[in-house]
Amino acid sequence: MKSITLTQLSYISAVAQYRNFGKAAKSCFVSQPTLSMQIQKLEEELQVTLFDRSKKPVEPTAIGQKVVEQARIALNEVLRIEELIKTEKGEISGTFKLGIIPTLAPYLLPLFLERFTKNYPQVKLIVEELQTLQIIHALKEDRVDAGIMVTPLNYKGIIERPIFNEPFLAYLSPNHPLLSLSKISEKDLSSDDIWLLNEGHCFRDQAIEICKKTRSRNTQRQNLVFESGNMETLKRLVDQKFGYTLLPWLAVFGMSASEQSKKVRFFKSPIPTREVSIVYTRSYLKKSIIEALYKDVVTSLPSDLKNPQTRNRVIGLSSFK
């Protein structure tokens with residue numbers, strides 16, 4: 001048997017990822033005939049069919065899937081050698097693909113992106129907003145190097161490194177009954193007038209979990225149902241005198257105390273929170289960049305989220321004391 005080349009392994013990995021020869025070739029910066037010829041050579045050498053070309057999109061055969069999985073392991077091991085050399089030289093460089101969930105992206109990214117890009121100009125950071133399951137699949141397929149998301153996930157082969165715990169709060173429409181309270185509890189919430197993100201967002205599931213102790217009051221908005229993929233849309237609806245929604249703490253960070261007093265209520269203890277972590281696979285490629293990213297995210301956080309001893313005190317903010 002002739003030697004299998006790393007190029008061939010990268011080609012079959014790309015086809016398995018994109019399920020399309022043309023898109024795979026484009027991602028590998030080669031022509032489709034070149035990619036197809038190399039894969040065909042590999043199939044002839046191995047005497048197996050790696051892809052079922054009759055299906056649209058293209059699918060790996062049973063043996064093809066096993067070969068693809070092994071190919072990705074081999075490719076990662078080569079990248080590991082490159083990473084070891086960079087680490088030994090003290091270099092922090094290269095392309096780094098980061099996935100981040102939509103309920104964190106607009107609030108967390110502005111805090112650390114400028115710092116990270118200035119500190120590590122040789123790192124090309126590619127950030128993609130993805131839902132939780134999309135990040136998990138992308139990690140397993142090596143389409144992203146790490147993710148910033150809510151944990152615990154408890155997925156085999158994925159490491160979770162907590163960054164901070166973020167409290168939940170209620171964002172209320174003008175004249176909402178809950179504004180009469182200085183702080184609220186889960187039992188104060190109503191399931192009738194809450195706005196939720198649509199399915200696929202982990203924050204939706206967490207909000208529903210918090211609201212399990214609520215009871216229906218049959219109050220308003222019985223003739224209107226709307227679910228959004230964007231928290232800012234939900235906030236705008238609430239501002240227009242429609243019910244309330246639950247938000248993560250960073251979504252109101254930067255609001256003035258007077259504005260918060262008119263729109264926001266924090267929870268009494270025990271305060272519902274979500275754990276935010278950087279996650280990556282056990283292969284732990286690009287270790288130096290992950291370490292640098294983790295450090296800059298932590299450094300960029302508001303002090304209220306950094307210090308566990310002051311977190312519960314600050315959740316109420318000064319205007320609510």
# chains A, B, ... in the order shown; residues from 1 in each chain; ligands from 1

call {"tool": "residues_around", "arguments": {"residues": "A:Thr5", "least_positions_apart": "3", "cutoff": "12 Å", "atoms": "only C-alpha atoms", "output": "ChimeraX atom specification"}}
result
/A:2,8-12,38-39,41-42,45,71,74-75

call {"tool": "closest_residue", "arguments": {"among": "A:Val58, A:Glu69, A:Ile290, A:Asp188", "to": "A:Ile159", "atoms": "only C-alpha atoms"}}
result
A:Ile290

call {"tool": "closest_residue", "arguments": {"among": "A:Asp52, A:Glu166, A:Asp193, A:Asp142", "to": "A:Pro248", "atoms": "only C-alpha atoms"}}
result
A:Glu166

call {"tool": "atom_distance", "arguments": {"atom1": "atom CA of A:Leu172", "atom2": "atom CA of A:Val238"}}
result
6.3 Å

call {"tool": "atom_distance", "arguments": {"atom1": "atom CA of A:Ser300", "atom2": "atom CA of A:Ala146"}}
result
18.4 Å

call {"tool": "atom_distance", "arguments": {"atom1": "atom CA of A:Thr273", "atom2": "atom CA of A:Ile148"}}
result
16.1 Å

call {"tool": "select_by_dssp", "arguments": {"residues": "stretch 8-128 of chain A", "states": "strand (DSSP E)", "output": "ChimeraX atom specification"}}
result
/A:51-52,59-60,94-100,123-128

call {"tool": "write_last_selection", "arguments": {"atoms": "all heavy atoms", "output": "CSV table (one decimal), in the first residue's frame"}}
result
chain,number,residue,atom,x,y,z
A,51,PHE,N,-17.3,7.7,0.0
A,51,PHE,CA,-18.5,8.6,-0.1
A,51,PHE,C,-19.6,8.0,-1.0
A,51,PHE,O,-19.2,7.5,-2.1
A,51,PHE,CB,-18.1,10.0,-0.5
A,51,PHE,CG,-17.2,10.7,0.5
A,51,PHE,CD1,-15.8,10.8,0.2
A,51,PHE,CD2,-17.7,11.3,1.6
A,51,PHE,CE1,-15.0,11.4,1.1
A,51,PHE,CE2,-16.9,11.9,2.5
A,51,PHE,CZ,-15.5,12.0,2.3
A,52,ASP,N,-20.8,8.1,-0.6
A,52,ASP,CA,-21.9,7.8,-1.5
A,52,ASP,C,-22.3,9.0,-2.3
A,52,ASP,O,-23.0,9.9,-1.8
A,52,ASP,CB,-23.1,7.3,-0.6
A,52,ASP,CG,-24.3,6.8,-1.5
A,52,ASP,OD1,-24.3,7.1,-2.7
A,52,ASP,OD2,-25.1,6.1,-0.9
A,59,GLU,N,-22.8,11.8,1.3
A,59,GLU,CA,-22.7,11.2,2.6
A,59,GLU,C,-21.5,10.2,2.7
A,59,GLU,O,-21.3,9.5,1.7
A,59,GLU,CB,-24.0,10.5,3.1
A,59,GLU,CG,-25.1,11.4,3.3
A,59,GLU,CD,-26.3,10.6,3.9
A,59,GLU,OE1,-26.2,9.4,4.1
A,59,GLU,OE2,-27.4,11.3,4.0
A,60,PRO,N,-20.8,10.2,3.8
A,60,PRO,CA,-19.8,9.1,3.9
A,60,PRO,C,-20.5,7.8,4.0
A,60,PRO,O,-21.6,7.6,4.6
A,60,PRO,CB,-19.1,9.5,5.2
A,60,PRO,CG,-19.4,10.9,5.5
A,60,PRO,CD,-20.8,11.1,4.9
A,94,GLY,N,-1.6,32.5,14.7
A,94,GLY,CA,-2.4,31.5,13.9
A,94,GLY,C,-3.8,31.9,13.9
A,94,GLY,O,-4.3,32.9,14.5
A,95,THR,N,-4.6,31.1,13.1
A,95,THR,CA,-6.0,31.3,13.0
A,95,THR,C,-6.8,30.6,14.1
A,95,THR,O,-6.5,29.5,14.5
A,95,THR,CB,-6.6,30.8,11.7
A,95,THR,OG1,-5.9,31.5,10.6
A,95,THR,CG2,-8.1,31.0,11.5
A,96,PHE,N,-7.7,31.3,14.8
A,96,PHE,CA,-8.4,30.7,15.9
A,96,PHE,C,-9.9,31.0,15.6
A,96,PHE,O,-10.4,32.1,15.5
A,96,PHE,CB,-8.0,31.3,17.2
A,96,PHE,CG,-8.6,30.6,18.4
A,96,PHE,CD1,-7.9,29.5,18.9
A,96,PHE,CD2,-9.7,31.0,19.0
A,96,PHE,CE1,-8.4,28.8,20.0
A,96,PHE,CE2,-10.2,30.4,20.1
A,96,PHE,CZ,-9.6,29.2,20.6
A,97,LYS,N,-10.7,29.9,15.6
A,97,LYS,CA,-12.2,30.0,15.3
A,97,LYS,C,-12.9,29.8,16.6
A,97,LYS,O,-12.8,28.8,17.3
A,97,LYS,CB,-12.6,29.0,14.3
A,97,LYS,CG,-11.9,29.2,12.9
A,97,LYS,CD,-12.3,28.1,11.9
A,97,LYS,CE,-11.6,28.3,10.6
A,97,LYS,NZ,-12.0,27.2,9.6
A,98,LEU,N,-13.7,30.8,16.9
A,98,LEU,CA,-14.4,30.8,18.2
A,98,LEU,C,-15.9,30.9,18.0
A,98,LEU,O,-16.4,31.7,17.2
A,98,LEU,CB,-14.0,32.0,19.0
A,98,LEU,CG,-14.7,32.2,20.4
A,98,LEU,CD1,-14.4,31.2,21.4
A,98,LEU,CD2,-14.4,33.6,20.9
A,99,GLY,N,-16.7,29.9,18.6
A,99,GLY,CA,-18.1,30.0,18.5
A,99,GLY,C,-18.6,30.6,19.8
A,99,GLY,O,-18.1,30.4,20.9
A,100,ILE,N,-19.7,31.4,19.7
A,100,ILE,CA,-20.3,32.0,20.9
A,100,ILE,C,-21.8,32.0,20.8
A,100,ILE,O,-22.3,32.3,19.7
A,100,ILE,CB,-19.7,33.4,21.2
A,100,ILE,CG1,-20.2,34.0,22.5
A,100,ILE,CG2,-20.0,34.3,20.0
A,100,ILE,CD1,-19.5,35.2,23.0
A,123,VAL,N,-2.7,36.7,16.0
A,123,VAL,CA,-3.8,35.8,16.0
A,123,VAL,C,-4.9,36.3,15.1
A,123,VAL,O,-5.4,37.4,15.3
A,123,VAL,CB,-4.3,35.5,17.4
A,123,VAL,CG1,-5.6,34.6,17.4
A,123,VAL,CG2,-3.2,34.9,18.2
A,124,LYS,N,-5.3,35.5,14.1
A,124,LYS,CA,-6.5,35.9,13.3
A,124,LYS,C,-7.7,35.2,14.0
A,124,LYS,O,-7.9,34.0,13.9
A,124,LYS,CB,-6.4,35.4,11.9
A,124,LYS,CG,-7.6,35.7,11.0
A,124,LYS,CD,-7.4,35.2,9.6
A,124,LYS,CE,-8.6,35.6,8.7
A,124,LYS,NZ,-8.4,35.1,7.3
A,125,LEU,N,-8.5,36.1,14.7
A,125,LEU,CA,-9.7,35.6,15.4
A,125,LEU,C,-10.9,35.6,14.5
A,125,LEU,O,-11.3,36.7,14.1
A,125,LEU,CB,-9.9,36.4,16.7
A,125,LEU,CG,-11.0,36.0,17.6
A,125,LEU,CD1,-10.8,34.6,18.1
A,125,LEU,CD2,-11.2,37.0,18.7
A,126,ILE,N,-11.5,34.4,14.3
A,126,ILE,CA,-12.8,34.3,13.6
A,126,ILE,C,-13.9,33.9,14.5
A,126,ILE,O,-13.8,32.9,15.1
A,126,ILE,CB,-12.6,33.3,12.4
A,126,ILE,CG1,-11.5,33.7,11.5
A,126,ILE,CG2,-14.0,33.1,11.7
A,126,ILE,CD1,-11.2,32.6,10.4
A,127,VAL,N,-14.8,34.8,14.7
A,127,VAL,CA,-15.9,34.6,15.7
A,127,VAL,C,-17.2,34.3,14.9
A,127,VAL,O,-17.6,35.0,14.0
A,127,VAL,CB,-16.1,35.8,16.6
A,127,VAL,CG1,-17.2,35.5,17.6
A,127,VAL,CG2,-14.8,36.2,17.3
A,128,GLU,N,-17.9,33.3,15.3
A,128,GLU,CA,-19.2,32.9,14.7
A,128,GLU,C,-20.2,32.7,15.8
A,128,GLU,O,-20.0,32.1,16.8
A,128,GLU,CB,-19.0,31.6,13.9
A,128,GLU,CG,-20.3,31.3,13.1
A,128,GLU,CD,-20.1,30.1,12.2
A,128,GLU,OE1,-19.0,29.5,12.2
A,128,GLU,OE2,-21.0,29.7,11.5

call {"tool": "select_by_dssp", "arguments": {"residues": "stretch 237-278 of chain A", "states": "helix (DSSP H, G or I)", "output": "ChimeraX atom specification"}}
result
/A:237-239,249-252,257-263

call {"tool": "closest_residue", "arguments": {"among": "A:Asn230, A:Ser277, A:Ser288, A:Gln122", "to": "A:Gly90", "atoms": "only C-alpha atoms"}}
result
A:Ser288
